[in-house]
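Engineer: Below is a structure I'd like to ask you about.
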Amino acid sequence: MAINAASSERGEPYKFCVVTYGCQQNEADSERLSGMLKQMGYEKTDAEENADLILVNTCAVREHAEKRALSVTGGYKHLKEKNPDLLIGVCGCMVSQEHRLDDMKHKYPYVDFVFGTSYLWRLPEIVYGRLNKKKRQFLLDTGDDGNIAEDIPVLRECRYRAWLSVMYGCNNFCTYCVVPHVRGRERSRYKEDILKEARELIADGVTDITLLGQNVNSYGHGLYDGYSFPELLSDINALDGDFTIRFMTSHPKDATKKLIDTMAECEKVAPQLHLPLQSGSDRILSRMNRHYTYESYKKLVEYAREKIPGLTLTTDIMVGFPGECEEDHEQTLRALGEIKYDMVYSFIYSRRKNTPAADYEDQVPEDIKGVRFRRMLEVQNEIGLEINKGYVGKTVRVLCDGESKNDEQMLTGRTDGGKNVCFKGEAEAGEYVKVKVTEARPFVLMGEMI
């Protein structure tokens, strides 16, 4: 990692730009990619036209994300024409698929290197080789050996919030999901490495830590006997310091009462649970290979709300999965009405190559998907507004994120439960403040600092 690939005869450092698509794990990966490039001597820039190296970190979960990444990469052709020495790389989930890697090789001749998710740690080697005029590199993931590269430098986007990966990969093979194919099988990090990184984050002033994994409830499987995610939560909670712990994502089939009890007992764990339902229909859940029923899911939610007062509950809902009929969709709408989520992350089913659902013959027409999606949003917006009205007049603790992007006269932040708040007042990003809620909207609380 000590390679200084960016020494420059022009008297100033070379610059890099990392463009990220996808989930929180992709964001965490990009911070590590940035950390390695910085250690190599590059300086970060947000302007692609000023960069000497552009790295596109891609997502493959939905077709829209792939199309955006391909379009952006295509747009860099003119930058390469202006500056032939510009290095362009594409990495991440999308190019962990053989057909997309082939696209990069043959349709994007100006792309210098491509590598999948398990080759992230080899970035310095890849860049150094290309700088020394070696031929273009295309590294396709062939399956991981279970190893995890530790001690990769990190260049964080935020000084007071941080991602902390506890495991990688997924073994669930939901029939719509490409993640096991692009992220590999589940691999848990050693608890000693996780706790060491957590201590370093706390010592560096981080006050909001989010633990990441495709399914955090599978943490420790195949690595430990009797030490699982609840024990890890307890150990991080016991570390010295004033900080908040969040985590995602929990798969309902593996979320247990022990997890809920641990959340309730640990004062530093946020009263926030993201528990993807996907569908309220047992028939569709079975076709998705989710391994739980709506009733079992609902009982877990009821237990969580009983044990954790003021719990903020969010979920994922997929609309238009193959074979979904009107009754299935109605069951999902009824589930929203019964459970009453604070927020729903909703998606229209996207056909993914090499997944079983892509070959199902009973695909739902796009126009029907659109109608159901809009109907679902209408139902959830009313629920979200109803829940948020209950906060009006109350005072909440908010971690300030600075000036609002939509109104420079307002500040934004998140409550301990993860609710978005827009408020009037004077505070610095990273500061905890008290805000009195004066107005409720479906996705945000409005208020004034006190």
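Quick note on naming: the chains in the structure tokens go A, B, ... in the order shown, residues restart at 1 in each chain, and ligands are numbered from 1 in order of appearance.
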Which neighbours of Leu70 in chain A fall inside 12 Å, counting only C-alpha atoms, when residues of the same chain fewer than 5 positions from it are skipped, and could you give them as a list of chain:residue names?
Structural biologist: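 Returned residues: A:Val19, A:Tyr21, A:Val56, A:Asn57, A:Thr58, A:Cys59, A:Ala60, A:Glu63, A:His64, A:Ala65, A:Gly75, A:Tyr76, A:Lys77, A:Val90, A:Cys91, A:Met94, A:Val95, A:Arg100, A:Leu101, A:Asp103, A:Met104, A:Lys107, A:Tyr108, A:Val111.
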Engineer: With range 423-446 of chain A as the partner and 10 Å as the cut-off, tabulate the residues of range 138-250 of chain A that qualify, each row holding the nearest pair of atoms and their distance in Å to one decimal, using only C-alpha atoms, sorted by chain and rising number, as JSON lines.
Structural biologist:
```
{"residue": "A:Cys158", "atom": "CA", "partner": "A:Gly430", "partner_atom": "CA", "distance": 9.0}
{"residue": "A:Arg159", "atom": "CA", "partner": "A:Gly430", "partner_atom": "CA", "distance": 7.8}
{"residue": "A:Tyr160", "atom": "CA", "partner": "A:Gly430", "partner_atom": "CA", "distance": 5.7}
{"residue": "A:Arg161", "atom": "CA", "partner": "A:Gly430", "partner_atom": "CA", "distance": 8.2}
{"residue": "A:Gly205", "atom": "CA", "partner": "A:Gly430", "partner_atom": "CA", "distance": 9.5}
{"residue": "A:Val206", "atom": "CA", "partner": "A:Gly430", "partner_atom": "CA", "distance": 8.8}
{"residue": "A:Thr207", "atom": "CA", "partner": "A:Gly430", "partner_atom": "CA", "distance": 8.0}
{"residue": "A:Asp208", "atom": "CA", "partner": "A:Gly430", "partner_atom": "CA", "distance": 9.2}
```
Engineer: Using only C-alpha atoms, find the one residue out of A:Phe113, A:Tyr168, A:Tyr219, A:Tyr128 that sits nearest to Gln25 in chain A.
Structural biologist: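 Among A:Phe113, A:Tyr168, A:Tyr219, A:Tyr128, it is A:Tyr168 that comes nearest to Gln25 in chain A.
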Engineer: Just the number, please: distance in Å from CA of Leu86 in chain A to CA of Glu12 in chain A, one decimal.
Structural biologist: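 A separation of 15.6 Å between them.
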Engineer: Enumerate as a list in words all residues of range 66-207 of chain A assigned to strand (DSSP E) by DSSP on the backbone, naming them with the chain letters and numbers the document uses.
Structural biologist: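 Those residues are Leu87, Ile88, Gly89, Val90, Cys91, Gly92, Phe113, Val114, Phe115, Gln137, Phe138, Leu139, Arg161, Ala162, Trp163, Leu164, Ser165, Met167, Tyr168, Arg187 and Ser188 of chain A.
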Engineer: Only C-alpha atoms, please: the residues just picked out, written as a JSON list (two decimals), in the first residue's frame.
Structural biologist:
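Printed below is again-v1.json as written:
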```json
[["chain", "number", "residue", "atom", "x", "y", "z"],
["A", 87, "LEU", "CA", -7.39, 6.50, -15.97],
["A", 88, "ILE", "CA", -10.95, 5.17, -15.86],
["A", 89, "GLY", "CA", -11.92, 2.18, -13.74],
["A", 90, "VAL", "CA", -15.22, 0.41, -13.09],
["A", 91, "CYS", "CA", -15.70, -1.85, -10.08],
["A", 92, "GLY", "CA", -18.31, -3.30, -7.76],
["A", 113, "PHE", "CA", -9.49, -1.58, -15.63],
["A", 114, "VAL", "CA", -12.48, -3.46, -14.23],
["A", 115, "PHE", "CA", -12.69, -5.54, -11.05],
["A", 137, "GLN", "CA", -7.20, -5.48, -16.69],
["A", 138, "PHE", "CA", -10.53, -7.27, -16.27],
["A", 139, "LEU", "CA", -10.83, -9.23, -13.03],
["A", 161, "ARG", "CA", -20.97, 9.19, 11.08],
["A", 162, "ALA", "CA", -19.33, 5.97, 9.95],
["A", 163, "TRP", "CA", -20.08, 2.61, 8.36],
["A", 164, "LEU", "CA", -18.65, -0.48, 10.07],
["A", 165, "SER", "CA", -18.94, -3.72, 8.09],
["A", 167, "MET", "CA", -19.76, -9.34, 7.47],
["A", 168, "TYR", "CA", -19.91, -9.67, 3.70],
["A", 187, "ARG", "CA", -18.08, -14.24, 5.54],
["A", 188, "SER", "CA", -17.97, -12.78, 9.04]]
```
Engineer: Between CA of Cys422 in chain A and CA of Ile202 in chain A, what distance in Å does the model show, to one decimal?
Structural biologist: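 Atom-to-atom, CA of Cys422 in chain A and CA of Ile202 in chain A are spaced 26.5 Å apart.
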Engineer: Find the residues around range 253-260 of chain A up to 10 Å (only C-alpha atoms counted), leave out those fewer than 6 positions away in its own chain, and share them as JSON, numbers by chain.
Structural biologist: {"A": [172, 215, 216, 217, 218, 228, 229, 230, 231, 233, 273, 275, 290, 291, 292, 293, 296, 297, 300, 301, 303, 304, 305, 306, 307, 308]}
Engineer: Could you write out that same residue set with N, CA and C atoms as a PDB file, in the first residue's frame?
Structural biologist:
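The result, stored in result-v9.pdb:
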```pdb
ATOM      1  N   ASN A 172     -28.666 -16.416   1.296  1.00  0.00           N
ATOM      2  CA  ASN A 172     -30.113 -16.616   1.293  1.00  0.00           C
ATOM      3  C   ASN A 172     -30.709 -16.962  -0.065  1.00  0.00           C
ATOM      4  N   ASN A 215     -26.975  -9.509   5.773  1.00  0.00           N
ATOM      5  CA  ASN A 215     -27.891 -10.054   6.781  1.00  0.00           C
ATOM      6  C   ASN A 215     -27.119 -10.135   8.090  1.00  0.00           C
ATOM      7  N   VAL A 216     -27.158  -9.051   8.871  1.00  0.00           N
ATOM      8  CA  VAL A 216     -26.352  -9.000  10.089  1.00  0.00           C
ATOM      9  C   VAL A 216     -26.722 -10.102  11.065  1.00  0.00           C
ATOM     10  N   ASN A 217     -27.959 -10.607  10.980  1.00  0.00           N
ATOM     11  CA  ASN A 217     -28.375 -11.658  11.910  1.00  0.00           C
ATOM     12  C   ASN A 217     -27.682 -12.986  11.649  1.00  0.00           C
ATOM     13  N   SER A 218     -26.980 -13.093  10.512  1.00  0.00           N
ATOM     14  CA  SER A 218     -26.206 -14.296  10.234  1.00  0.00           C
ATOM     15  C   SER A 218     -24.769 -14.164  10.718  1.00  0.00           C
ATOM     16  N   SER A 228     -22.835 -14.567  18.461  1.00  0.00           N
ATOM     17  CA  SER A 228     -23.594 -14.135  17.290  1.00  0.00           C
ATOM     18  C   SER A 228     -23.787 -12.623  17.334  1.00  0.00           C
ATOM     19  N   PHE A 229     -24.672 -12.127  16.495  1.00  0.00           N
ATOM     20  CA  PHE A 229     -24.834 -10.687  16.379  1.00  0.00           C
ATOM     21  C   PHE A 229     -25.281 -10.021  17.687  1.00  0.00           C
ATOM     22  N   PRO A 230     -26.217 -10.586  18.436  1.00  0.00           N
ATOM     23  CA  PRO A 230     -26.572  -9.941  19.710  1.00  0.00           C
ATOM     24  C   PRO A 230     -25.374  -9.786  20.646  1.00  0.00           C
ATOM     25  N   GLU A 231     -24.497 -10.794  20.711  1.00  0.00           N
ATOM     26  CA  GLU A 231     -23.297 -10.682  21.556  1.00  0.00           C
ATOM     27  C   GLU A 231     -22.375  -9.576  21.040  1.00  0.00           C
ATOM     28  N   LEU A 233     -23.323  -6.885  19.380  1.00  0.00           N
ATOM     29  CA  LEU A 233     -23.959  -5.626  19.768  1.00  0.00           C
ATOM     30  C   LEU A 233     -23.626  -5.276  21.210  1.00  0.00           C
ATOM     31  N   LEU A 273     -35.303  -0.154  13.810  1.00  0.00           N
ATOM     32  CA  LEU A 273     -35.179  -1.490  13.229  1.00  0.00           C
ATOM     33  C   LEU A 273     -35.651  -1.453  11.778  1.00  0.00           C
ATOM     34  N   LEU A 275     -36.538  -3.868   8.928  1.00  0.00           N
ATOM     35  CA  LEU A 275     -36.887  -5.283   8.804  1.00  0.00           C
ATOM     36  C   LEU A 275     -37.661  -5.482   7.494  1.00  0.00           C
ATOM     37  N   ARG A 290     -38.234 -16.504   0.884  1.00  0.00           N
ATOM     38  CA  ARG A 290     -37.919 -15.667   2.047  1.00  0.00           C
ATOM     39  C   ARG A 290     -37.932 -16.436   3.374  1.00  0.00           C
ATOM     40  N   HIS A 291     -38.584 -17.567   3.446  1.00  0.00           N
ATOM     41  CA  HIS A 291     -38.549 -18.448   4.630  1.00  0.00           C
ATOM     42  C   HIS A 291     -39.173 -17.837   5.882  1.00  0.00           C
ATOM     43  N   TYR A 292     -40.216 -17.057   5.732  1.00  0.00           N
ATOM     44  CA  TYR A 292     -41.033 -16.635   6.860  1.00  0.00           C
ATOM     45  C   TYR A 292     -42.436 -16.360   6.321  1.00  0.00           C
ATOM     46  N   THR A 293     -43.382 -16.266   7.208  1.00  0.00           N
ATOM     47  CA  THR A 293     -44.751 -15.923   6.826  1.00  0.00           C
ATOM     48  C   THR A 293     -45.066 -14.524   7.356  1.00  0.00           C
ATOM     49  N   SER A 296     -45.648 -14.735  11.208  1.00  0.00           N
ATOM     50  CA  SER A 296     -44.432 -14.835  12.023  1.00  0.00           C
ATOM     51  C   SER A 296     -43.703 -13.493  12.060  1.00  0.00           C
ATOM     52  N   TYR A 297     -43.717 -12.804  10.922  1.00  0.00           N
ATOM     53  CA  TYR A 297     -43.109 -11.477  10.845  1.00  0.00           C
ATOM     54  C   TYR A 297     -43.842 -10.514  11.777  1.00  0.00           C
ATOM     55  N   LEU A 300     -43.052 -10.925  15.461  1.00  0.00           N
ATOM     56  CA  LEU A 300     -41.750 -10.372  15.828  1.00  0.00           C
ATOM     57  C   LEU A 300     -41.839  -8.854  15.995  1.00  0.00           C
ATOM     58  N   VAL A 301     -42.566  -8.204  15.107  1.00  0.00           N
ATOM     59  CA  VAL A 301     -42.750  -6.754  15.199  1.00  0.00           C
ATOM     60  C   VAL A 301     -43.483  -6.388  16.489  1.00  0.00           C
ATOM     61  N   TYR A 303     -43.512  -8.038  19.269  1.00  0.00           N
ATOM     62  CA  TYR A 303     -42.575  -8.236  20.382  1.00  0.00           C
ATOM     63  C   TYR A 303     -41.597  -7.067  20.473  1.00  0.00           C
ATOM     64  N   ALA A 304     -41.085  -6.614  19.314  1.00  0.00           N
ATOM     65  CA  ALA A 304     -40.127  -5.511  19.287  1.00  0.00           C
ATOM     66  C   ALA A 304     -40.756  -4.229  19.832  1.00  0.00           C
ATOM     67  N   ARG A 305     -41.980  -3.951  19.447  1.00  0.00           N
ATOM     68  CA  ARG A 305     -42.645  -2.732  19.927  1.00  0.00           C
ATOM     69  C   ARG A 305     -42.963  -2.807  21.416  1.00  0.00           C
ATOM     70  N   GLU A 306     -43.207  -4.023  21.902  1.00  0.00           N
ATOM     71  CA  GLU A 306     -43.461  -4.205  23.331  1.00  0.00           C
ATOM     72  C   GLU A 306     -42.192  -3.952  24.143  1.00  0.00           C
ATOM     73  N   LYS A 307     -41.054  -4.415  23.635  1.00  0.00           N
ATOM     74  CA  LYS A 307     -39.801  -4.334  24.378  1.00  0.00           C
ATOM     75  C   LYS A 307     -39.074  -3.000  24.197  1.00  0.00           C
ATOM     76  N   ILE A 308     -39.294  -2.315  23.049  1.00  0.00           N
ATOM     77  CA  ILE A 308     -38.541  -1.091  22.746  1.00  0.00           C
ATOM     78  C   ILE A 308     -39.520   0.050  22.530  1.00  0.00           C
TER      79      ILE A 308
END
```
Engineer: As a ChimeraX atom specification, which residues of range 21-183 of chain A does DSSP assign to alpha helix (DSSP H)?
Structural biologist: /A:24-39,63-75,77-82,98-107,123-131,179-183
Engineer: Neighbours of Gln363 in chain A within 9 Å (only C-alpha atoms; same-chain residues fewer than 4 positions away dropped), as an mmCIF file with N, CA and C atoms, in the first residue's frame?
Structural biologist:
```
data_model
loop_
_atom_site.group_PDB
_atom_site.id
_atom_site.type_symbol
_atom_site.label_atom_id
_atom_site.label_comp_id
_atom_site.auth_asym_id
_atom_site.auth_seq_id
_atom_site.Cartn_x
_atom_site.Cartn_y
_atom_site.Cartn_z
ATOM 1 N N GLY A 320 -44.933 -5.925 -7.824
ATOM 2 C CA GLY A 320 -44.895 -6.503 -9.165
ATOM 3 C C GLY A 320 -43.995 -7.704 -9.326
ATOM 4 N N PHE A 321 -43.734 -8.435 -8.238
ATOM 5 C CA PHE A 321 -42.965 -9.670 -8.350
ATOM 6 C C PHE A 321 -43.730 -10.637 -9.262
ATOM 7 N N PRO A 322 -43.029 -11.460 -10.047
ATOM 8 C CA PRO A 322 -43.714 -12.388 -10.957
ATOM 9 C C PRO A 322 -44.805 -13.201 -10.261
ATOM 10 N N GLY A 323 -45.962 -13.238 -10.892
ATOM 11 C CA GLY A 323 -47.076 -13.994 -10.350
ATOM 12 C C GLY A 323 -47.928 -13.235 -9.356
ATOM 13 N N GLU A 324 -47.522 -12.011 -9.003
ATOM 14 C CA GLU A 324 -48.303 -11.226 -8.050
ATOM 15 C C GLU A 324 -49.648 -10.845 -8.676
ATOM 16 N N ALA A 357 -36.203 -15.901 -10.586
ATOM 17 C CA ALA A 357 -37.409 -15.139 -10.906
ATOM 18 C C ALA A 357 -37.365 -14.533 -12.303
ATOM 19 N N ALA A 358 -36.169 -14.317 -12.821
ATOM 20 C CA ALA A 358 -36.047 -13.742 -14.169
ATOM 21 C C ALA A 358 -36.617 -14.688 -15.218
ATOM 22 N N ASP A 359 -36.652 -15.988 -14.908
ATOM 23 C CA ASP A 359 -37.147 -16.982 -15.872
ATOM 24 C C ASP A 359 -38.599 -17.376 -15.629
#
```
Engineer: Pick out the closest residue to Asp362 in chain A from this set: A:Gly41, A:Gly241, A:Cys325, A:Gly184. Count only C-alpha atoms.
Structural biologist: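 Of all the options, A:Cys325 lies closest to Asp362 in chain A.
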Engineer: Quick one, how far is CA of Glu49 in chain A from CA of Cys23 in chain A?
Structural biologist: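 The value is 25.4 Å.
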Engineer: Which is closer to Glu48 in chain A than all the others in A:Leu79, A:Ala28, A:Ala335, A:Val179, using only C-alpha atoms?
Structural biologist: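 Ranked by minimum distance to Glu48 in chain A, first place goes to A:Leu79.
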Engineer: Tell me, as a PyMOL selection string, which residues lie within 8 Å of Gly418 in chain A, counting only C-alpha atoms; anything in the same chain fewer than 2 positions away does not count.
Structural biologist: chain A and resi 270+272+312+414-416+420
